[in-house]
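Engineer: My structure is in work-v9.cif, and what it holds is mmCIF, C-alpha atoms:
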data_coords
loop_
_atom_site.group_PDB
_atom_site.id
_atom_site.type_symbol
_atom_site.label_atom_id
_atom_site.label_comp_id
_atom_site.auth_asym_id
_atom_site.auth_seq_id
_atom_site.Cartn_x
_atom_site.Cartn_y
_atom_site.Cartn_z
ATOM 1 C CA MET A 1 -67.412 -42.728 -84.392
ATOM 2 C CA ASN A 2 -69.667 -44.601 -86.820
ATOM 3 C CA SER A 3 -71.720 -43.005 -89.596
ATOM 4 C CA THR A 4 -75.033 -43.441 -87.736
ATOM 5 C CA ARG A 5 -73.698 -41.561 -84.712
ATOM 6 C CA ILE A 6 -72.267 -38.807 -86.941
ATOM 7 C CA GLY A 7 -75.647 -38.481 -88.681
ATOM 8 C CA ASP A 8 -77.515 -38.341 -85.362
ATOM 9 C CA ILE A 9 -75.238 -35.542 -84.132
ATOM 10 C CA GLY A 10 -75.759 -33.631 -87.392
ATOM 11 C CA VAL A 11 -79.562 -33.939 -87.198
ATOM 12 C CA SER A 12 -79.464 -32.761 -83.569
ATOM 13 C CA TYR A 13 -77.388 -29.686 -84.517
ATOM 14 C CA CYS A 14 -79.802 -28.882 -87.357
ATOM 15 C CA ILE A 15 -82.878 -29.207 -85.146
ATOM 16 C CA THR A 16 -81.231 -27.020 -82.516
ATOM 17 C CA ARG A 17 -80.350 -24.364 -85.097
ATOM 18 C CA CYS A 18 -83.964 -24.284 -86.343
ATOM 19 C CA LEU A 19 -85.262 -23.898 -82.798
ATOM 20 C CA GLU A 20 -82.745 -21.100 -82.107
ATOM 21 C CA LYS A 21 -84.079 -19.289 -85.199
ATOM 22 C CA ASN A 22 -87.699 -19.905 -84.123
ATOM 23 C CA ILE A 23 -88.283 -22.011 -87.243
ATOM 24 C CA PRO A 24 -90.809 -24.833 -86.752
ATOM 25 C CA VAL A 25 -89.169 -28.210 -87.379
ATOM 26 C CA TYR A 26 -90.752 -31.657 -87.685
ATOM 27 C CA LYS A 27 -89.149 -35.099 -87.785
ATOM 28 C CA PRO A 28 -90.771 -37.960 -89.724
ATOM 29 C CA VAL A 29 -91.859 -40.902 -87.584
ATOM 30 C CA SER A 30 -89.961 -43.414 -89.734
ATOM 31 C CA ASP A 31 -86.252 -43.438 -90.565
ATOM 32 C CA ASN A 32 -87.270 -44.864 -93.945
ATOM 33 C CA GLU A 33 -88.312 -41.480 -95.396
ATOM 34 C CA LYS A 34 -86.205 -39.542 -97.912
ATOM 35 C CA ALA A 35 -86.427 -36.320 -95.873
ATOM 36 C CA ASP A 36 -84.844 -36.218 -92.417
ATOM 37 C CA LEU A 37 -86.730 -33.093 -91.369
ATOM 38 C CA ILE A 38 -89.551 -30.823 -92.471
ATOM 39 C CA ILE A 39 -89.120 -27.136 -91.677
ATOM 40 C CA LEU A 40 -91.409 -24.181 -92.260
ATOM 41 C CA LEU A 41 -89.675 -21.378 -94.163
ATOM 42 C CA ASP A 42 -91.992 -18.390 -94.527
ATOM 43 C CA ASN A 43 -94.800 -20.756 -93.485
ATOM 44 C CA ILE A 44 -94.077 -23.086 -96.435
ATOM 45 C CA PRO A 45 -93.076 -26.707 -95.654
ATOM 46 C CA LYS A 46 -89.626 -27.644 -96.987
ATOM 47 C CA LYS A 47 -88.225 -31.187 -97.089
ATOM 48 C CA ILE A 48 -84.706 -31.372 -95.659
ATOM 49 C CA GLN A 49 -82.033 -34.045 -96.053
ATOM 50 C CA VAL A 50 -79.305 -33.665 -93.403
ATOM 51 C CA LYS A 51 -75.701 -34.564 -94.201
ATOM 52 C CA SER A 52 -72.783 -34.255 -91.806
ATOM 53 C CA ALA A 53 -69.023 -33.916 -91.919
ATOM 54 C CA ILE A 54 -66.803 -34.372 -88.879
ATOM 55 C CA THR A 55 -63.733 -32.565 -90.210
ATOM 56 C CA ASP A 56 -62.638 -30.061 -92.778
ATOM 57 C CA LYS A 57 -59.287 -30.082 -94.519
ATOM 58 C CA ASN A 58 -57.432 -27.780 -96.889
ATOM 59 C CA GLY A 59 -59.903 -24.958 -96.311
ATOM 60 C CA LYS A 60 -62.999 -26.941 -97.293
ATOM 61 C CA ALA A 61 -65.548 -29.497 -96.071
ATOM 62 C CA GLU A 62 -66.953 -32.247 -98.272
ATOM 63 C CA PHE A 63 -70.433 -33.652 -97.761
ATOM 64 C CA ASN A 64 -71.449 -36.934 -99.373
ATOM 65 C CA ILE A 65 -75.050 -36.339 -100.479
ATOM 66 C CA LYS A 66 -75.953 -39.769 -101.764
ATOM 67 C CA SER A 67 -77.423 -42.422 -99.515
ATOM 68 C CA SER A 68 -76.349 -46.027 -99.264
ATOM 69 C CA THR A 69 -78.106 -48.830 -97.452
ATOM 70 C CA SER A 70 -76.419 -51.314 -95.190
ATOM 71 C CA ALA A 71 -78.323 -54.139 -96.867
ATOM 72 C CA ILE A 72 -76.474 -55.811 -99.692
ATOM 73 C CA TYR A 73 -78.248 -56.456 -102.995
ATOM 74 C CA ASN A 74 -76.529 -58.652 -105.551
ATOM 75 C CA ARG A 75 -73.250 -58.149 -103.634
ATOM 76 C CA LYS A 76 -73.485 -54.375 -104.034
ATOM 77 C CA ALA A 77 -74.589 -51.700 -101.589
ATOM 78 C CA LYS A 78 -77.763 -49.985 -102.727
ATOM 79 C CA ILE A 79 -77.010 -46.342 -103.572
ATOM 80 C CA HIS A 80 -79.744 -43.706 -103.745
ATOM 81 C CA HIS A 81 -79.403 -40.270 -105.350
ATOM 82 C CA TYR A 82 -82.010 -37.845 -104.067
ATOM 83 C CA THR A 83 -84.346 -36.020 -106.450
ATOM 84 C CA LYS A 84 -85.987 -32.586 -106.349
ATOM 85 C CA GLU A 85 -89.313 -34.326 -105.728
ATOM 86 C CA GLU A 86 -87.918 -35.934 -102.565
ATOM 87 C CA ILE A 87 -86.147 -32.978 -100.970
ATOM 88 C CA ASP A 88 -85.991 -29.203 -101.271
ATOM 89 C CA TYR A 89 -82.757 -28.494 -99.384
ATOM 90 C CA TYR A 90 -79.695 -30.144 -97.950
ATOM 91 C CA MET A 91 -78.950 -29.010 -94.435
ATOM 92 C CA LEU A 92 -75.230 -29.627 -94.050
ATOM 93 C CA CYS A 93 -73.621 -29.814 -90.634
ATOM 94 C CA ASN A 94 -69.890 -29.390 -90.049
ATOM 95 C CA ILE A 95 -69.580 -30.974 -86.625
ATOM 96 C CA ALA A 96 -65.979 -29.801 -86.103
ATOM 97 C CA ARG A 97 -66.984 -26.149 -86.621
ATOM 98 C CA LYS A 98 -70.453 -26.537 -85.089
ATOM 99 C CA GLU A 99 -71.911 -24.830 -88.160
ATOM 100 C CA VAL A 100 -75.005 -25.580 -90.236
ATOM 101 C CA TYR A 101 -75.505 -24.639 -93.898
ATOM 102 C CA LEU A 102 -78.688 -24.638 -95.981
ATOM 103 C CA VAL A 103 -78.091 -25.477 -99.660
ATOM 104 C CA PRO A 104 -80.952 -25.599 -102.182
ATOM 105 C CA PHE A 105 -81.234 -28.943 -103.955
ATOM 106 C CA GLU A 106 -80.914 -27.246 -107.364
ATOM 107 C CA GLU A 107 -77.428 -26.006 -106.449
ATOM 108 C CA THR A 108 -76.013 -29.474 -105.836
ATOM 109 C CA LYS A 109 -74.503 -32.187 -107.965
ATOM 110 C CA LYS A 110 -75.196 -35.891 -107.786
ATOM 111 C CA ASN A 111 -72.707 -37.169 -105.184
ATOM 112 C CA MET A 112 -70.906 -34.447 -103.261
ATOM 113 C CA VAL A 113 -71.188 -30.875 -102.012
ATOM 114 C CA THR A 114 -67.940 -29.068 -101.253
ATOM 115 C CA LEU A 115 -68.110 -25.903 -99.178
ATOM 116 C CA ARG A 116 -64.978 -23.768 -99.020
ATOM 117 C CA TYR A 117 -63.834 -21.745 -96.032
ATOM 118 C CA ASP A 118 -60.752 -20.378 -97.775
ATOM 119 C CA ASN A 119 -60.133 -19.199 -101.321
ATOM 120 C CA PRO A 120 -58.791 -21.891 -103.647
ATOM 121 C CA LYS A 121 -55.042 -21.674 -104.256
ATOM 122 C CA ASN A 122 -55.710 -20.732 -107.895
ATOM 123 C CA ASN A 123 -58.139 -17.990 -106.722
ATOM 124 C CA GLN A 124 -60.952 -19.462 -108.829
ATOM 125 C CA LYS A 125 -64.370 -18.124 -107.832
ATOM 126 C CA LYS A 126 -66.609 -19.522 -110.581
ATOM 127 C CA ASN A 127 -68.547 -22.660 -109.537
ATOM 128 C CA VAL A 128 -67.051 -22.481 -106.033
ATOM 129 C CA LYS A 129 -69.437 -22.709 -103.083
ATOM 130 C CA PHE A 130 -68.257 -20.683 -100.087
ATOM 131 C CA ALA A 131 -69.580 -21.793 -96.713
ATOM 132 C CA LYS A 132 -70.298 -18.194 -95.654
ATOM 133 C CA ASP A 133 -72.904 -17.936 -98.444
ATOM 134 C CA TYR A 134 -74.946 -20.839 -97.043
ATOM 135 C CA ILE A 135 -74.613 -20.384 -93.272
ATOM 136 C CA PHE A 136 -77.890 -21.088 -91.499
#
Written as structure tokens, how would this file's structure read?
Structural biologist:
Amino acid sequence: MNSTRIGDIGVSYCITRCLEKNIPVYKPVSDNEKADLIILLDNIPKKIQVKSAITDKNGKAEFNIKSSTSAIYNRKAKIHHYTKEEIDYYMLCNIARKEVYLVPFEETKKNMVTLRYDNPKNNQKKNVKFAKDYIF
């Protein structure tokens, strides 16, 4: 399955979850926008970037939260790191588990979000994001 298909499945899951929760959801007309969806949380519009994972391993799922274009510039793919002005939340979809998570932008790092399903082997809790805390 290619990355476009994986992304389309993730967006569909996220839209479905919003509708199940009776949360209004809007999709921009163009695929060229930074936000994939706009949802109304407590009647306030929130810009959502959807990211998907098709598997989870070792008790965790990793979501790549940067964007890269298929066009090549100077022999390099163009990488984009989202900003707090562009999006309010990441809506992360684990396709294998059929689960959706809502993570505030401020709680993410530049490239990757890791959500854990199991405790780390060293039992560390600090700076660990557990999926159950973000389930949507």
Engineer: For A:Asn111, which residue among A:Lys66, A:Lys46, A:Lys125, A:Arg5 is the nearest when counting all atoms listed in the file?
Structural biologist: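 Looking only at the distances to A:Asn111, the closest residue turns out to be A:Lys66.
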Engineer: Using all atoms listed in the file, which of the listed residues (A:Thr4, A:Asn127, A:Asn58, A:Thr16) sits closest to A:Val100?
Structural biologist: A:Thr16
Engineer: With distances taken over only C-alpha atoms, which residue among A:Lys109, A:Lys27, A:Lys21, A:Lys60 lies nearest A:Leu41?
Structural biologist: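 Using only C-alpha atoms, the shortest distance to A:Leu41 belongs to A:Lys21.
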Engineer: Which residues fall under the PyMOL selection byres ((chain A and resi 80-95) around 7) in this file, as a ChimeraX atom specification?
Structural biologist: /A:10,34-35,46-55,66-68,78-79,96-105,110
Engineer: Would you save the residues of that selection, restricted to C-alpha atoms, as a PDB file, in the frame of the given file?
Structural biologist:
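And here's part_19.pdb as it stands now:
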ATOM      1  CA  GLY A  10     -75.759 -33.631 -87.392  1.00  0.00           C
ATOM      2  CA  LYS A  34     -86.205 -39.542 -97.912  1.00  0.00           C
ATOM      3  CA  ALA A  35     -86.427 -36.320 -95.873  1.00  0.00           C
ATOM      4  CA  LYS A  46     -89.626 -27.644 -96.987  1.00  0.00           C
ATOM      5  CA  LYS A  47     -88.225 -31.187 -97.089  1.00  0.00           C
ATOM      6  CA  ILE A  48     -84.706 -31.372 -95.659  1.00  0.00           C
ATOM      7  CA  GLN A  49     -82.033 -34.045 -96.053  1.00  0.00           C
ATOM      8  CA  VAL A  50     -79.305 -33.665 -93.403  1.00  0.00           C
ATOM      9  CA  LYS A  51     -75.701 -34.564 -94.201  1.00  0.00           C
ATOM     10  CA  SER A  52     -72.783 -34.255 -91.806  1.00  0.00           C
ATOM     11  CA  ALA A  53     -69.023 -33.916 -91.919  1.00  0.00           C
ATOM     12  CA  ILE A  54     -66.803 -34.372 -88.879  1.00  0.00           C
ATOM     13  CA  THR A  55     -63.733 -32.565 -90.210  1.00  0.00           C
ATOM     14  CA  LYS A  66     -75.953 -39.769-101.764  1.00  0.00           C
ATOM     15  CA  SER A  67     -77.423 -42.422 -99.515  1.00  0.00           C
ATOM     16  CA  SER A  68     -76.349 -46.027 -99.264  1.00  0.00           C
ATOM     17  CA  LYS A  78     -77.763 -49.985-102.727  1.00  0.00           C
ATOM     18  CA  ILE A  79     -77.010 -46.342-103.572  1.00  0.00           C
ATOM     19  CA  ALA A  96     -65.979 -29.801 -86.103  1.00  0.00           C
ATOM     20  CA  ARG A  97     -66.984 -26.149 -86.621  1.00  0.00           C
ATOM     21  CA  LYS A  98     -70.453 -26.537 -85.089  1.00  0.00           C
ATOM     22  CA  GLU A  99     -71.911 -24.830 -88.160  1.00  0.00           C
ATOM     23  CA  VAL A 100     -75.005 -25.580 -90.236  1.00  0.00           C
ATOM     24  CA  TYR A 101     -75.505 -24.639 -93.898  1.00  0.00           C
ATOM     25  CA  LEU A 102     -78.688 -24.638 -95.981  1.00  0.00           C
ATOM     26  CA  VAL A 103     -78.091 -25.477 -99.660  1.00  0.00           C
ATOM     27  CA  PRO A 104     -80.952 -25.599-102.182  1.00  0.00           C
ATOM     28  CA  PHE A 105     -81.234 -28.943-103.955  1.00  0.00           C
ATOM     29  CA  LYS A 110     -75.196 -35.891-107.786  1.00  0.00           C
TER      30      LYS A 110
END
Engineer: Name every residue that the PyMOL selection byres ((chain A and resi 40) around 10) selects in this structure, writing the answer as a PyMOL selection string with chains first and numbers rising.
Structural biologist: chain A and resi 18+22-26+38-39+41-47
Engineer: Can you work out the spacing between atom CA of A:Val113 and atom CA of A:Lys132 in Å, to one decimal?
Structural biologist: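 Rounded to one decimal, the two atoms are 14.2 Å apart.
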Engineer: Report, in Å with one decimal, the straight-line distance from atom CA of A:Arg116 to atom CA of A:Ile9.
Structural biologist: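 Between these atoms lies a distance of 21.6 Å.
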Engineer: Box time for stretch 110-128 of chain A: axis-aligned, enclosing all its listed atoms, 8 Å extra on each side; report centre and edge lengths in Å to one decimal, as lines of an AutoDock Vina configuration file.
Structural biologist:
center_x = -65.1
center_y = -27.6
center_z = -103.3
size_x = 36.2
size_y = 35.2
size_z = 30.5
Engineer: Could you tell me how far atom CA of A:Asp36 sits from atom CA of A:Ser12, in Å to one decimal place?
Structural biologist: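 For atom CA of A:Ser12 relative to atom CA of A:Asp36, the distance reads 10.9 Å.
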Engineer: Using all atoms listed in the file, can you list as a list in words the residues within 12 Å of (-64.6, -21.0, -98.3)?
Structural biologist: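 The distance filter leaves exactly Asp56, Lys57, Asn58, Gly59, Lys60, Ala61, Glu62, Thr114, Leu115, Arg116, Tyr117, Asp118, Asn119, Pro120, Lys121, Asn123, Gln124, Lys125, Val128, Lys129, Phe130, Ala131, Lys132, Asp133, Tyr134 and Ile135 of chain A.
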